[in-house]
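Chemist: Sharing input_15.pdb here; it has PDB, C-alpha atoms.
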```
MODEL        1
ATOM      1  CA  MET D   1       0.000   0.000   0.000
ATOM      2  CA  THR D   2       1.300   3.411  -0.927
ATOM      3  CA  GLU D   3       0.601   6.540   0.989
ATOM      4  CA  LYS D   4       0.439   9.976  -0.563
ATOM      5  CA  THR D   5      -0.010  13.367   0.961
ATOM      6  CA  PRO D   6      -2.955  15.550  -0.061
ATOM      7  CA  ALA D   7      -0.572  17.752  -2.045
ATOM      8  CA  GLU D   8       0.713  14.715  -3.980
ATOM      9  CA  LEU D   9      -2.863  13.601  -4.670
ATOM     10  CA  GLN D  10      -3.729  17.097  -5.929
ATOM     11  CA  ALA D  11      -0.691  17.049  -8.227
ATOM     12  CA  GLN D  12      -1.631  13.589  -9.528
ATOM     13  CA  ARG D  13      -5.195  14.791 -10.106
ATOM     14  CA  VAL D  14      -4.017  17.802 -12.147
ATOM     15  CA  GLN D  15      -1.632  15.584 -14.149
ATOM     16  CA  LEU D  16      -4.394  13.048 -14.924
ATOM     17  CA  ILE D  17      -6.797  15.711 -16.134
ATOM     18  CA  ALA D  18      -4.081  17.331 -18.265
ATOM     19  CA  SER D  19      -3.258  13.953 -19.840
ATOM     20  CA  THR D  20      -6.722  13.846 -21.432
ATOM     21  CA  GLY D  21      -6.280  17.176 -23.204
ATOM     22  CA  LEU D  22      -9.657  18.304 -21.806
ATOM     23  CA  THR D  23     -10.614  20.719 -19.084
ATOM     24  CA  GLU D  24     -12.098  19.338 -15.882
ATOM     25  CA  GLU D  25     -15.525  20.788 -16.749
ATOM     26  CA  VAL D  26     -15.556  19.206 -20.213
ATOM     27  CA  LEU D  27     -14.342  15.911 -18.770
ATOM     28  CA  ARG D  28     -17.105  15.982 -16.134
ATOM     29  CA  GLU D  29     -19.833  16.890 -18.653
ATOM     30  CA  ARG D  30     -18.779  14.159 -21.076
ATOM     31  CA  ALA D  31     -18.523  11.597 -18.275
ATOM     32  CA  GLU D  32     -22.050  12.458 -17.109
ATOM     33  CA  ALA D  33     -23.280  12.080 -20.707
ATOM     34  CA  PHE D  34     -21.250   8.845 -21.208
ATOM     35  CA  GLN D  35     -19.364  10.437 -24.112
ATOM     36  CA  LEU D  36     -15.792   9.606 -23.133
ATOM     37  CA  TYR D  37     -13.319   7.217 -24.646
ATOM     38  CA  PRO D  38     -12.661   4.258 -22.328
ATOM     39  CA  GLU D  39      -9.203   5.532 -21.374
ATOM     40  CA  HIS D  40     -10.611   8.982 -20.557
ATOM     41  CA  MET D  41     -13.389   7.360 -18.506
ATOM     42  CA  ASP D  42     -10.711   5.493 -16.524
ATOM     43  CA  VAL D  43      -8.958   8.808 -15.865
ATOM     44  CA  TRP D  44     -12.247  10.377 -14.747
ATOM     45  CA  ARG D  45     -12.965   7.492 -12.354
ATOM     46  CA  THR D  46      -9.488   7.889 -10.891
ATOM     47  CA  VAL D  47     -10.041  11.641 -10.479
ATOM     48  CA  GLU D  48     -13.324  10.896  -8.696
ATOM     49  CA  GLY D  49     -11.443   8.491  -6.390
ATOM     50  CA  ILE D  50      -8.854  11.138  -5.613
ATOM     51  CA  ASP D  51     -11.622  13.655  -4.859
ATOM     52  CA  TYR D  52     -13.177  11.121  -2.510
ATOM     53  CA  LEU D  53      -9.860  10.601  -0.726
ATOM     54  CA  LEU D  54      -9.325  14.342  -0.410
ATOM     55  CA  GLY D  55     -12.738  14.677   1.197
ATOM     56  CA  GLY D  56     -14.196  16.794  -1.543
ATOM     57  CA  THR D  57     -13.328  20.190  -2.870
ATOM     58  CA  GLU D  58     -15.028  23.527  -2.322
ATOM     59  CA  LYS D  59     -17.049  22.899  -5.480
ATOM     60  CA  ASP D  60     -18.262  19.611  -4.018
ATOM     61  CA  THR D  61     -19.305  21.349  -0.793
ATOM     62  CA  ALA D  62     -21.202  24.018  -2.733
ATOM     63  CA  LEU D  63     -22.762  21.286  -4.872
ATOM     64  CA  LYS D  64     -23.902  19.377  -1.784
ATOM     65  CA  GLU D  65     -25.433  22.543  -0.335
ATOM     66  CA  ALA D  66     -27.220  23.258  -3.620
ATOM     67  CA  GLU D  67     -28.496  19.666  -3.788
ATOM     68  CA  ALA D  68     -29.821  19.924  -0.232
ATOM     69  CA  LEU D  69     -31.593  23.186  -1.073
ATOM     70  CA  ALA D  70     -32.992  21.658  -4.252
ATOM     71  CA  GLY D  71     -34.179  18.664  -2.243
ATOM     72  CA  ARG D  72     -36.075  20.926   0.148
ATOM     73  CA  TRP D  73     -37.674  22.811  -2.763
ATOM     74  CA  GLU D  74     -38.490  19.528  -4.476
ATOM     75  CA  GLY D  75     -40.221  18.320  -1.311
ATOM     76  CA  LYS D  76     -42.287  21.513  -1.166
ATOM     77  CA  TYR D  77     -43.127  21.181  -4.865
ATOM     78  CA  PHE D  78     -44.387  17.624  -4.471
ATOM     79  CA  GLU D  79     -46.364  18.615  -1.382
ATOM     80  CA  LEU D  80     -48.158  21.279  -3.428
ATOM     81  CA  VAL D  81     -48.652  18.916  -6.355
ATOM     82  CA  GLU D  82     -50.230  16.323  -4.072
ATOM     83  CA  LYS D  83     -52.456  18.983  -2.546
ATOM     84  CA  TYR D  84     -53.790  20.435  -5.804
ATOM     85  CA  THR D  85     -53.533  17.584  -8.314
ATOM     86  CA  PRO D  86     -56.790  15.850  -7.336
ATOM     87  CA  ILE D  87     -58.738  19.028  -8.156
ATOM     88  CA  ALA D  88     -56.926  19.466 -11.454
ATOM     89  CA  GLN D  89     -57.355  15.792 -12.364
ATOM     90  CA  ARG D  90     -61.073  15.880 -11.623
ATOM     91  CA  ASP D  91     -61.477  19.062 -13.643
ATOM     92  CA  ALA D  92     -59.509  17.650 -16.590
ATOM     93  CA  ALA D  93     -61.439  14.369 -16.457
ATOM     94  CA  LEU D  94     -64.732  16.223 -16.344
ATOM     95  CA  GLN D  95     -63.767  18.436 -19.275
ATOM     96  CA  GLY D  96     -62.757  15.302 -21.178
ATOM     97  CA  HIS D  97     -66.100  13.627 -20.482
ATOM     98  CA  LEU D  98     -68.313  16.619 -21.282
ATOM     99  CA  PRO D  99     -68.753  15.749 -24.993
ATOM    100  CA  ALA D 100     -69.810  12.186 -24.121
ATOM    101  CA  LEU D 101     -72.190  13.462 -21.445
ATOM    102  CA  ARG D 102     -73.653  15.950 -23.906
ATOM    103  CA  ARG D 103     -74.216  13.197 -26.506
ATOM    104  CA  ALA D 104     -75.916  11.028 -23.855
ATOM    105  CA  VAL D 105     -78.206  13.878 -22.808
ATOM    106  CA  GLU D 106     -79.117  14.524 -26.447
ATOM    107  CA  GLU D 107     -80.514  10.970 -26.596
ATOM    108  CA  LEU D 108     -83.304  11.996 -24.207
ATOM    109  CA  PRO D 109     -86.457  13.431 -25.780
ATOM    110  CA  ALA D 110     -86.499  17.229 -26.055
ATOM    111  CA  LYS D 111     -90.144  17.584 -25.143
ATOM    112  CA  CYS D 112     -93.100  15.626 -23.866
ATOM    113  CA  ARG D 113     -94.968  13.535 -26.420
ATOM    114  CA  TYR D 114     -98.244  15.033 -25.268
ATOM    115  CA  HIS D 115     -97.331  18.497 -23.974
ATOM    116  CA  ASP D 116     -94.894  21.171 -25.109
ATOM    117  CA  ASP D 117     -94.515  22.445 -21.561
ATOM    118  CA  THR D 118     -92.498  20.133 -19.271
ATOM    119  CA  THR D 119     -92.344  22.392 -16.231
ATOM    120  CA  PRO D 120     -93.279  20.780 -12.917
ATOM    121  CA  HIS D 121     -96.935  20.971 -11.890
ATOM    122  CA  GLY D 122     -97.185  21.464  -8.169
ATOM    123  CA  SER D 123     -94.593  20.440  -5.614
ATOM    124  CA  TRP D 124     -95.114  16.722  -6.025
ATOM    125  CA  ARG D 125     -94.720  16.336  -9.794
ATOM    126  CA  GLU D 126     -91.355  16.364 -11.593
ATOM    127  CA  ALA D 127     -92.781  17.285 -15.006
ATOM    128  CA  CYS D 128     -96.033  17.859 -16.831
ATOM    129  CA  CYS D 129     -96.735  14.090 -16.798
ATOM    130  CA  ASP D 130     -94.844  10.795 -16.644
ATOM    131  CA  THR D 131     -94.032  11.036 -20.342
ATOM    132  CA  GLY D 132     -92.548  14.513 -19.826
ATOM    133  CA  VAL D 133     -90.088  13.390 -17.114
ATOM    134  CA  PRO D 134     -87.278  12.455 -19.571
ATOM    135  CA  ALA D 135     -87.692  15.805 -21.355
ATOM    136  CA  ARG D 136     -87.558  17.671 -18.046
ATOM    137  CA  ARG D 137     -84.428  15.762 -17.012
ATOM    138  CA  ARG D 138     -82.812  16.563 -20.364
ATOM    139  CA  PHE D 139     -83.548  20.263 -19.815
ATOM    140  CA  LEU D 140     -81.980  20.169 -16.326
ATOM    141  CA  ALA D 141     -78.975  18.144 -17.541
ATOM    142  CA  GLU D 142     -78.339  20.607 -20.380
ATOM    143  CA  GLU D 143     -78.400  23.494 -17.894
ATOM    144  CA  ALA D 144     -75.871  21.659 -15.700
ATOM    145  CA  LEU D 145     -73.606  20.865 -18.685
ATOM    146  CA  ASN D 146     -73.740  24.477 -19.856
ATOM    147  CA  ALA D 147     -72.791  25.620 -16.349
ATOM    148  CA  LEU D 148     -69.879  23.153 -16.227
ATOM    149  CA  THR D 149     -68.689  24.205 -19.681
ATOM    150  CA  SER D 150     -68.755  27.898 -18.751
ATOM    151  CA  LEU D 151     -67.009  27.105 -15.435
ATOM    152  CA  GLY D 152     -64.192  25.300 -17.281
ATOM    153  CA  GLU D 153     -63.763  28.188 -19.730
ATOM    154  CA  SER D 154     -63.681  30.863 -17.022
ATOM    155  CA  ARG D 155     -61.206  29.001 -14.790
ATOM    156  CA  PRO D 156     -57.674  30.412 -15.139
ATOM    157  CA  CYS D 157     -55.026  28.034 -16.462
ATOM    158  CA  GLY D 158     -51.818  27.241 -14.598
TER     159      GLY D 158
ENDMDL
END
```
Mind turning this structure into structure tokens?

Modeler:
Amino acid sequence: MTEKTPAELQAQRVQLIASTGLTEEVLRERAEAFQLYPEHMDVWRTVEGIDYLLGGTEKDTALKEAEALAGRWEGKYFELVEKYTPIAQRDAALQGHLPALRRAVEELPAKCRYHDDTTPHGSWREACCDTGVPARRRFLAEEALNALTSLGESRPCG
């Protein structure tokens, strides 16, 4: 086993990076994108080992702090997504189903076979007569669909 001082490791690190003919940033970027020749990848792995032995550089410390901050923001982001996604999903699903609902409502008769007026008669009757009930329900369903359509159009995006 050989022992080297931190200064010797730093010198070896600089020499290894220089042997590739690339800057450290380019070497890092290409390694992360898996775009290095095998011999350059070996050099990069050795440089990473040296960095590990040296306990990290100032860049590594700043990177760790940035990753921790990003992790906290990511946690907050996912908390908000979980809180508001069900509403957005329901709204999107409803907007997606509106055309099918509208087609289904259009299958109901538009008016009573016997009467043109389908308004309820008294507090105990739903429509003009039993035959007018589907027409009355179509009228009410169309009002509800129109309200949902206008609600979806007036809701701000994002």

Chemist: Hey, which of D:Leu53, D:Ile17, D:Cys112, D:Glu25 ends up closest to Glu39 in chain D? Count only C-alpha atoms.

Modeler: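 Going through D:Leu53, D:Ile17, D:Cys112, D:Glu25 one by one, the smallest distance to Glu39 in chain D is for D:Ile17.
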
Chemist: Name the residues in contact with Arg13 in chain D at a cut-off of 8 Å, using all atoms listed in the file, excluding same-chain residues fewer than 3 positions from it; report them as a CSV table (one decimal) with C-alpha atoms, in the frame of the given file.

Modeler:
```
chain,number,residue,atom,x,y,z
D,9,LEU,CA,-2.9,13.6,-4.7
D,10,GLN,CA,-3.7,17.1,-5.9
D,16,LEU,CA,-4.4,13.0,-14.9
D,17,ILE,CA,-6.8,15.7,-16.1
D,47,VAL,CA,-10.0,11.6,-10.5
D,50,ILE,CA,-8.9,11.1,-5.6
```

Chemist: What is the CA of Thr119 in chain D to CA of Ala100 in chain D distance in Å?

Modeler: 26.0 Å

Chemist: Report the distance between CA of Pro86 in chain D and CA of Ala144 in chain D in Å, rounded to one decimal place.

Modeler: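 It comes out at 21.6 Å.
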
Chemist: Please, which residues are within 12 Å of (-80.4, 9.5, -21.5) by the file's coordinates, counting all atoms listed in the file, and could they come as a list of chain:residue names?

Modeler: D:Ala100, D:Leu101, D:Arg102, D:Arg103, D:Ala104, D:Val105, D:Glu106, D:Glu107, D:Leu108, D:Pro109, D:Ala110, D:Val133, D:Pro134, D:Ala135, D:Arg136, D:Arg137, D:Arg138, D:Phe139, D:Leu140, D:Ala141, D:Glu142

Chemist: Give as a list in words every residue, naming chains and numbers as the document does, that has an atom within 12 Å of (-61.0, 19.6, -22.5), counting all atoms listed in the file.

Modeler: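 All residues meeting the 12 Å criterion around (-61.0, 19.6, -22.5) are Ala88, Gln89, Arg90, Asp91, Ala92, Ala93, Leu94, Gln95, Gly96, His97, Leu98, Pro99, Ala100, Leu148, Thr149, Ser150, Leu151, Gly152, Glu153 and Cys157 of chain D.
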
Chemist: Rounded to one decimal in Å, what is the spacing between CA of Arg72 in chain D and CA of Tyr84 in chain D?

Modeler: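 Going from CA of Arg72 in chain D over to CA of Tyr84 in chain D covers 18.7 Å.
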
Chemist: Which residue, D:Thr2, D:Asn146, D:Gln12, D:Thr131, has the smallest gap to Asp51 in chain D when you use only C-alpha atoms?

Modeler: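 Under the stated criterion, the closest residue is D:Gln12.
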
Chemist: Box for range 49-56 of chain D: with edges along x, y and z, all listed atoms inside and 6 Å added on each side, what are the centre and edge lengths in Å to one decimal, as lines of an AutoDock Vina configuration file?

Modeler:
```
center_x = -11.5
center_y = 12.6
center_z = -2.6
size_x = 17.3
size_y = 20.3
size_z = 19.6
```

Chemist: I'd like to know which of D:Phe34, D:Pro6, D:Gly71, D:Val43 is closest to Leu22 in chain D, using all atoms listed in the file.

Modeler: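 Checking each candidate against Leu22 in chain D, we get D:Val43 as the closest.
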
Chemist: On this structure, which residues satisfy the PyMOL selection byres ((chain D and resi 31) around 12), written as a PyMOL selection string?

Modeler: chain D and resi 22+24-30+32-45+47-48
